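Visitor: Structure incoming, see below.
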Amino acid sequence: MPDIIGKKVRRVDGYRKVTGEAIYGDDLKIPGLLHGAMKYTDIIAGTIKKIDLSKAKNMPGVVTIALQKDVPGMKKVGPIRQDYPPIVENKISYSGDVIAVVAAKTRKQALAAADAIYVEYESLDPITDVETAIKPDVRLIHPEYKSNIVNHYPLRKGNVEKGFSESDHVIERNYRTGFHEHAYIEPESVTVVPDYTTEGYKIYGSIQNPFTTRKVVSMFMGIKLNQINVISSTLGGSFGGKDDIINNLACRTTLLAHLTKKPVKITYSREASIKESYKRHPYIMNYKVGFNNNGKLNSMKINILADSGAYSSQTFFVTWRSVVQATGPYEIENVETDIRGVYTNNTYTAAFRGFGTPQVIFAQESLMDEIAEICNISPRDVREKNGYKQGSITASGQRLTDHKVSLKQVMEAAVNKSDYESKIQKFRELNKTNERFKYGIGLACSFRGCSLGAEGIDTSSAIVSVQADGSIIIFTGVSENGQGLQTTFSQITSEILGVPLADITFLNSQTSAISDGGPTVASRGTLVGGNATIEAANIVKNRIFSVVKDELKVGKLEDTRWKDGYISSKIGKEKISFSHACEKAVSAGVNLSAYGWFKSPDVSWDDDTGQGNAYFTYVYGCHIVETMIDTDTGKINVENITAAHDVGKVLNRLGAEGQVYGGVTQGMGYGALEDYNIQNGEVKSLNLDEYLIPTIKDIGNIDPVFIENEDKHGPFGAKSIGEPTLELTAAAINNSISFALEKQNYELPLTLEQVFLGKKLVKPSRQSEVVHASKKYKKQVPYINKISVKTPKNIKQALTLMSENKYKVLAGGTDIVVQARHKIKPLKLINIFSLPELKKIKVRNNEVEIGSAVTFTKILNSEHLTNFKLLLQAIKTIGSTQIRNKATIGGNIVNAAPCADSVPPLIAYDARLRLRSKENERIVPISEFIKRNYRTIIRLDEILISIIIPKPKNYFYSYMQLGRRNAVNITRMSISVLINFDDKNRIEECIIVDGSLFSRSQRIEVVEKYLFGKKLTKNMIKNSVKYLSEKIENEIGGRWSAEYKKPVFINIYKSALEDIYKQRKQDD
Amino acid sequence: MIDLEFQVNGKEVHLKVDDSKRLLDILREDLDLTGTKEGCSVGECGACTVIMNGDAVASCLVLAAQIQGSIIETVENLEKDKVLSQLQESFLDNGAVQCGFCTPGMLMSAKALLNKNSNPTEEEIKTALEGNLCRCTGYIPIIDSVKEAVNKN
Ligand code: FES
Ligand code: FES
């Protein structure tokens, strides 16, 4: 029984992380540091005609501006094909291309100078879809490579045509997936310090693969590997995402350090990160499959186009994994697969946890469900019938004999844990009676090759260095990316040498201190790095043993026990402390540092046929996802996910569970939420308010289930866990949605529109204006320029100031500070946030008056406002707790965003606004205050003082709001309804207000009029829809979004009224 | 420029800073408290969360002028004399920390909640943390940690 392997162990780097002491890329402070910023392209595709640096060079603080001509070494880099210029010469291929890099004394100065670089272009029409890109005669993105096809991997096994002809059924389906952004919470940061001892550089930062960074920078700078020492900082998430992008950033930063002879730091804003960084490849997949009535697969033909974007990057590797795994874990005699990576003018694509598998698993597993349905067998049966068993032969002709093939086992474990079979029955029953909410359950399986496979040389290194006092230092060639590798390796060392974890220190990777351990990718860290650590620890163990064996009176190492800091004899009573043994060994002149090296078992691949032993071992997994879908809106709720994985051996239970929770949640985001909005090559979703990743309220229960079939190649039998957890979830969600809706879905992500309409709804890109030059007065990436703030002592002073000069009002600041980042001109603000007069809630006989600077949290907690239920319910959903603690009701109203959630209820309550200037005061109804989105009637010298709301009667109310997430939403639409009945049960008052539907929120009077005087019945609700429908058609019918918005608004309208209908019935 | 007097982690601070600075910049640049992180700069990720006058706020949205006279608490204040708070201990024991970049913000949001509500429901915990994005942990261990800290306190 191992002592510490398999237990729940705290992270060894956890202490620093919970105290704020851990140093991440941007936390590094160095005296004399300069800051860098990029000048990005202003166009998507084309050529640079002229670059004018004259203005930028003279900006304050600017030290240097680098162009491609300043690069001393190779101008282009890339893991296989060197097609990526960290700084372009004159060709523009995507919206994240960098034209110049500025170094200045402060970050703001660098950003301002970058914006002042003036460039003239000749624009080309971007090519943004792969199907166009591969047409003959289409423009070549990189003419030097003679084709827009980056690579083509074929796989041929058997004879597919023959297989089809022998099948009872042949079906063909097309699947699509979108881009996927890593959204690590830490944006990229690199700091480079000139190193005079090596005439080279020290490179720090959020670096996933230090050895790759070193190699790329050495090529770019034309210097030797031993002149560069890459030292990773604590990494704030990576998921495959801080590889190429960070290498390229390191190139630019090093160039600036070279030119200025000073340390330089570049830290990205979120916008720069999303704009420039690579994503997961979108795939277009065509699957043709032949199978028999009993569900047995005979033949499969697969054709895949992967959007590589503007550069090839990791496309070669990513698509190779897809070709190996495209058929899923199913034995099929005849397979023909072709995958091509294709250049476009989109954001380039590369590594992302899962690495070419979530896409094919989605297609393959959706297909399996359809086959099951056609054959009238269960999804589980069709998988069991075809699934890999011991000795099965994969599509690439590999016989699976060397490890335990556990597909059936993982599936069984997931099925049992989730109670799959009975839930299928239960959900079917529920769905028969439930109109609006449908329940879904879906299953997906996968097999996954561990480590790099035939992708590359697969070796790794570790050093275990025992000190004279028995304390231990480890460091390894693979690195800690947050996944917990330091902890696992410390556990391994602790297990072998029997020392407590507290005596082990893990040093962050330094490329100059250890030989290349290969990249920390492909969930290989534990497997290869762990084996290297075992080897090193065992070498040291043997050396210590040779010194103490006489004292312990034993002849063989097997006769000793190494535990709790002691080495003892298993035969006799002799015992020596580990530290004492080390002391002895050191005095005996024994070297207690050892180098461990691991080389993976051999693999093989034939590029022409796609046949070979692709990986030396595989893992198996099965996810079962339960969802609830609101068919009125297309909104999915993921309720429960069971994730069963054969991991070989769980080394740290806490770490393994963490990988499952995290991977599954990312997979859920990929499948159901995350929608990278890129139109005509231009990225629209540049921050986390538009690129939505799951919040704490978006994920239901997750049940991790581990199956342990120890692998002979793995450290203590362990294999991989990081990526398998992500790759299955989206496929299982899709199957569960298809189950619920009884309709197959073929595209990810499952946005509201995708679920509701069965298709994506994209804003028709306006005939995009052709850009010829850098825009003046526009920031490429937002940052705060210059703000000046006056804080008056009272309102009178504030109003006097307002009358004298053009100011903007700073209340909570949650909108204005965000907007300030986009402004070029200095912003002058009057800070009214703390004026006591504006922070009061006054109660009078028949009305309340809320000061404009009262925060939403205050409103929610106020004892005076408990009757304003509609308002409270709307406010609860605004932003997050942090936002509601700061945002004010006045700010929300004056900002007049279409999604300002407090406005529709205030319209419904007939609120009035007290506006005051130095000389005057006026009171206007809120319905007249907002003219249209972001436009109000407030004058420049006026301040909104308060909001006056009549005390509500005893209304029945209903508030429905739709957003893509369950928290921190931008409201897609909402409806506020207040209704009163007379004593004959007829509607005597009726107020209905839209949110985010029309050009401004308003009462929907035609409908109100229709409802007035009638009894609220289901029939009447149905009849009233006609009026609403006409109104919507007239106002927004022509808009691209109406296809979704119109029916969905009608649906939420009906639900709101039905809600009141129900309340009313209960009341009776 | 503005003359600021306020309190951070129990200490009085007097500073002269540029009006354009956000509380986040003042903490990270002027006071060297780099535990508070910047992930989005627009109030969406919560990595910059600190407690201001008892409430969790996104420090990337608080301008210098608005912290005059206020009381600020950051992640650096949670450990006292090398002893971790229960919340920190629970985060470590339950695997609520992976890359750790969201952790300071998470801890501060959780602390602000527990200061006001010593026995929150799961829904209240989620609401308190809804503005803190985590890309690594899938949130479940974080919820468990807060619950555990509640039970152990
Ligand atoms: S940095 Fe403040 S919320 Fe993201
Ligand atoms: S632990 Fe990495 S973002 Fe939360």
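Ligands are numbered from 1 in the order shown, residues from 1 within each chain, and chains are lettered A, B, ... in the order they appear in the structure tokens.
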What residues of the protein or nucleic acid chains come within 7 Å of ligand 2 when you use only C-alpha atoms and all ligand atoms? Reply as a ChimeraX atom specification.

Guide: /A:184-185,236-237,482 /B:96-103,133-137

Visitor: If you run DSSP over the backbone, which residues in chain B end up helix (DSSP H, G or I)? Put them as a VMD selection string.

Guide: chain B and resid 23 to 30 59 to 61 64 to 67 75 to 77 86 to 93 103 to 116 122 to 129 140 to 152

Visitor: Output as an MDAnalysis selection string the set of chain B residues within 6 Å of chain A, with distances taken over only C-alpha atoms.

Guide: chainID B and resid 19:20 34:35 39:40 42 56:58 61 76 88 92:93 95 98:101 128 130:131 133 136:139

Visitor: Neighbours of ligand 1 within 6 Å, counting only C-alpha atoms and all ligand atoms, as a VMD selection string?

Guide: chain B and resid 38 to 48 58 to 60

Visitor: Any chance you could export the current selection's N, CA and C atoms as a tab-separated table (two decimals), in the first residue's frame?

Guide:
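Output saved as part22.tsv:
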chain	number	residue	atom	x	y	z
B	38	GLU	N	-5.54	41.49	-12.03
B	38	GLU	CA	-6.34	42.11	-13.08
B	38	GLU	C	-6.57	41.08	-14.19
B	39	GLY	N	-7.84	40.80	-14.47
B	39	GLY	CA	-8.12	39.81	-15.49
B	39	GLY	C	-8.90	40.34	-16.67
B	40	CYS	N	-9.64	41.45	-16.48
B	40	CYS	CA	-10.50	41.91	-17.58
B	40	CYS	C	-10.60	43.43	-17.64
B	41	SER	N	-10.40	44.09	-16.52
B	41	SER	CA	-10.45	45.55	-16.39
B	41	SER	C	-11.85	46.13	-16.56
B	42	VAL	N	-12.87	45.31	-16.67
B	42	VAL	CA	-14.22	45.84	-16.89
B	42	VAL	C	-15.26	45.28	-15.92
B	43	GLY	N	-14.81	44.73	-14.82
B	43	GLY	CA	-15.78	44.28	-13.81
B	43	GLY	C	-16.44	42.94	-14.10
B	44	GLU	N	-15.86	42.18	-15.01
B	44	GLU	CA	-16.51	40.93	-15.41
B	44	GLU	C	-15.90	39.68	-14.78
B	45	CYS	N	-14.64	39.75	-14.34
B	45	CYS	CA	-13.98	38.50	-13.94
B	45	CYS	C	-13.83	38.37	-12.43
B	46	GLY	N	-13.80	39.47	-11.72
B	46	GLY	CA	-13.71	39.40	-10.26
B	46	GLY	C	-12.32	39.15	-9.71
B	47	ALA	N	-11.31	39.01	-10.56
B	47	ALA	CA	-9.96	38.74	-10.06
B	47	ALA	C	-9.45	39.89	-9.20
B	48	CYS	N	-10.02	41.08	-9.40
B	48	CYS	CA	-9.54	42.27	-8.69
B	48	CYS	C	-10.36	42.57	-7.45
B	58	ALA	N	-15.26	45.43	-7.32
B	58	ALA	CA	-14.25	45.19	-8.35
B	58	ALA	C	-13.31	46.40	-8.33
B	59	SER	N	-12.08	46.19	-7.90
B	59	SER	CA	-11.19	47.35	-7.72
B	59	SER	C	-10.76	47.95	-9.05
B	60	CYS	N	-11.03	47.26	-10.16
B	60	CYS	CA	-10.72	47.85	-11.47
B	60	CYS	C	-11.74	48.91	-11.85

Visitor: Would you please work out which residue, of A:Asp52, A:Glu89, A:Asp630, A:Asp83, is nearest to Asp115 in chain A when using only C-alpha atoms?

Guide: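 Selected residue with least distance to Asp115 in chain A: A:Asp52.
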
Visitor: Please, what distance in Å, to one decimal, runs between CA of Ser577 in chain A and CA of Pro715 in chain A?

Guide: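 The value is 26.2 Å.
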
Visitor: DSSP says strand (DSSP E or B) for which residues of chain B? Put them as a ChimeraX atom specification?

Guide: /B:2-8,11-17,22,49-52,55-58,63,71-73,80,83

Visitor: Residues near Cys450 in chain A, anyone? I mean within 9 Å using only C-alpha atoms, not counting same-chain ones fewer than 5 positions away, as a count of residues only.

Guide: 11

Visitor: For range 222-229 of chain A, please output as a list in words all residues within 8 Å (counting only C-alpha atoms; exclusion window: fewer than 4 positions along the same chain).

Guide: Pro72, Gly73, Met74, Thr198, Glu199, Gly200, Tyr201, Lys202, Ile203, Arg214, Lys215, Ser218, Gln510, Thr511 and Ser512 of chain A

Visitor: Could you please take those selected residues and save all heavy atoms as a short mmCIF file (atom, residue, chain, number, x, y, z; two decimals), in the first residue's frame?

Guide:
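Heads up, here's the output in result_27.cif:
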data_model
loop_
_atom_site.label_atom_id
_atom_site.label_comp_id
_atom_site.auth_asym_id
_atom_site.auth_seq_id
_atom_site.Cartn_x
_atom_site.Cartn_y
_atom_site.Cartn_z
N PRO A 72 17.07 40.67 -35.46
CA PRO A 72 18.39 40.20 -35.85
C PRO A 72 18.41 38.78 -36.44
O PRO A 72 19.28 38.46 -37.24
CB PRO A 72 19.20 40.24 -34.56
CG PRO A 72 18.24 40.42 -33.45
CD PRO A 72 16.92 40.82 -34.02
N GLY A 73 17.47 37.94 -36.03
CA GLY A 73 17.51 36.55 -36.49
C GLY A 73 16.43 36.26 -37.52
O GLY A 73 16.19 37.07 -38.42
N MET A 74 15.76 35.11 -37.34
CA MET A 74 14.73 34.72 -38.29
C MET A 74 13.50 35.60 -38.12
O MET A 74 13.04 35.85 -37.02
CB MET A 74 14.34 33.27 -38.07
CG MET A 74 15.41 32.31 -38.59
SD MET A 74 15.04 30.61 -38.16
CE MET A 74 13.48 30.38 -38.97
N THR A 198 25.70 36.14 -19.83
CA THR A 198 25.62 35.25 -21.00
C THR A 198 25.53 36.05 -22.30
O THR A 198 25.43 35.48 -23.37
CB THR A 198 24.35 34.38 -20.94
OG1 THR A 198 23.22 35.26 -20.91
CG2 THR A 198 24.33 33.49 -19.72
N GLU A 199 25.55 37.36 -22.17
CA GLU A 199 25.26 38.25 -23.30
C GLU A 199 23.94 37.87 -23.93
O GLU A 199 23.76 37.90 -25.15
CB GLU A 199 26.40 38.22 -24.33
CG GLU A 199 27.61 38.97 -23.80
CD GLU A 199 28.81 38.83 -24.73
OE1 GLU A 199 28.58 38.74 -25.94
OE2 GLU A 199 29.93 38.80 -24.21
N GLY A 200 23.07 37.43 -23.10
CA GLY A 200 21.75 37.01 -23.59
C GLY A 200 20.67 37.59 -22.71
O GLY A 200 20.77 38.74 -22.27
N TYR A 201 19.66 36.77 -22.41
CA TYR A 201 18.48 37.30 -21.73
C TYR A 201 17.92 36.30 -20.73
O TYR A 201 17.98 35.10 -20.94
CB TYR A 201 17.39 37.61 -22.76
CG TYR A 201 17.90 38.52 -23.84
CD1 TYR A 201 18.43 37.99 -25.02
CD2 TYR A 201 17.91 39.90 -23.65
CE1 TYR A 201 18.94 38.81 -25.99
CE2 TYR A 201 18.44 40.73 -24.62
CZ TYR A 201 18.95 40.19 -25.79
OH TYR A 201 19.48 41.00 -26.74
N LYS A 202 17.32 36.88 -19.69
CA LYS A 202 16.47 36.08 -18.81
C LYS A 202 15.03 36.42 -19.17
O LYS A 202 14.68 37.60 -19.24
CB LYS A 202 16.74 36.43 -17.36
CG LYS A 202 18.01 35.81 -16.83
CD LYS A 202 18.08 36.00 -15.33
CE LYS A 202 19.40 35.43 -14.83
NZ LYS A 202 19.91 36.20 -13.69
N ILE A 203 14.25 35.40 -19.37
CA ILE A 203 12.86 35.62 -19.76
C ILE A 203 11.92 35.06 -18.70
O ILE A 203 12.00 33.88 -18.36
CB ILE A 203 12.58 34.95 -21.12
CG1 ILE A 203 13.55 35.50 -22.17
CG2 ILE A 203 11.13 35.18 -21.55
CD1 ILE A 203 13.39 34.89 -23.56
N ARG A 214 12.31 29.25 -25.34
CA ARG A 214 13.75 29.46 -25.51
C ARG A 214 14.17 29.24 -26.96
O ARG A 214 14.89 30.03 -27.54
CB ARG A 214 14.50 28.51 -24.58
CG ARG A 214 16.00 28.69 -24.65
CD ARG A 214 16.70 27.78 -23.67
NE ARG A 214 16.59 26.39 -24.08
CZ ARG A 214 17.44 25.44 -23.70
NH1 ARG A 214 18.45 25.74 -22.91
NH2 ARG A 214 17.28 24.19 -24.09
N LYS A 215 13.65 28.16 -27.53
CA LYS A 215 14.03 27.83 -28.90
C LYS A 215 13.56 28.92 -29.87
O LYS A 215 14.32 29.38 -30.73
CB LYS A 215 13.39 26.49 -29.28
CG LYS A 215 13.89 25.92 -30.57
CD LYS A 215 13.47 24.46 -30.67
CE LYS A 215 12.71 24.26 -31.97
NZ LYS A 215 11.84 23.10 -31.94
N SER A 218 15.51 32.13 -29.48
CA SER A 218 16.89 32.02 -29.98
C SER A 218 16.90 32.13 -31.51
O SER A 218 17.79 32.76 -32.08
CB SER A 218 17.55 30.72 -29.51
OG SER A 218 17.39 29.68 -30.45
N GLN A 510 13.44 26.13 -15.06
CA GLN A 510 14.43 27.08 -15.58
C GLN A 510 15.13 26.34 -16.70
O GLN A 510 15.71 25.30 -16.47
CB GLN A 510 15.50 27.37 -14.54
CG GLN A 510 15.05 28.21 -13.41
CD GLN A 510 16.22 29.03 -12.87
OE1 GLN A 510 17.21 29.24 -13.56
NE2 GLN A 510 16.07 29.49 -11.66
N THR A 511 15.10 26.89 -17.87
CA THR A 511 15.64 26.11 -19.00
C THR A 511 17.14 25.92 -18.91
O THR A 511 17.68 24.99 -19.49
CB THR A 511 15.30 26.80 -20.33
OG1 THR A 511 15.75 28.15 -20.26
CG2 THR A 511 13.83 26.75 -20.60
N SER A 512 17.84 26.81 -18.20
CA SER A 512 19.29 26.68 -18.14
C SER A 512 19.74 25.66 -17.10
O SER A 512 20.91 25.38 -16.99
CB SER A 512 19.94 28.03 -17.85
OG SER A 512 19.74 28.89 -18.93
#
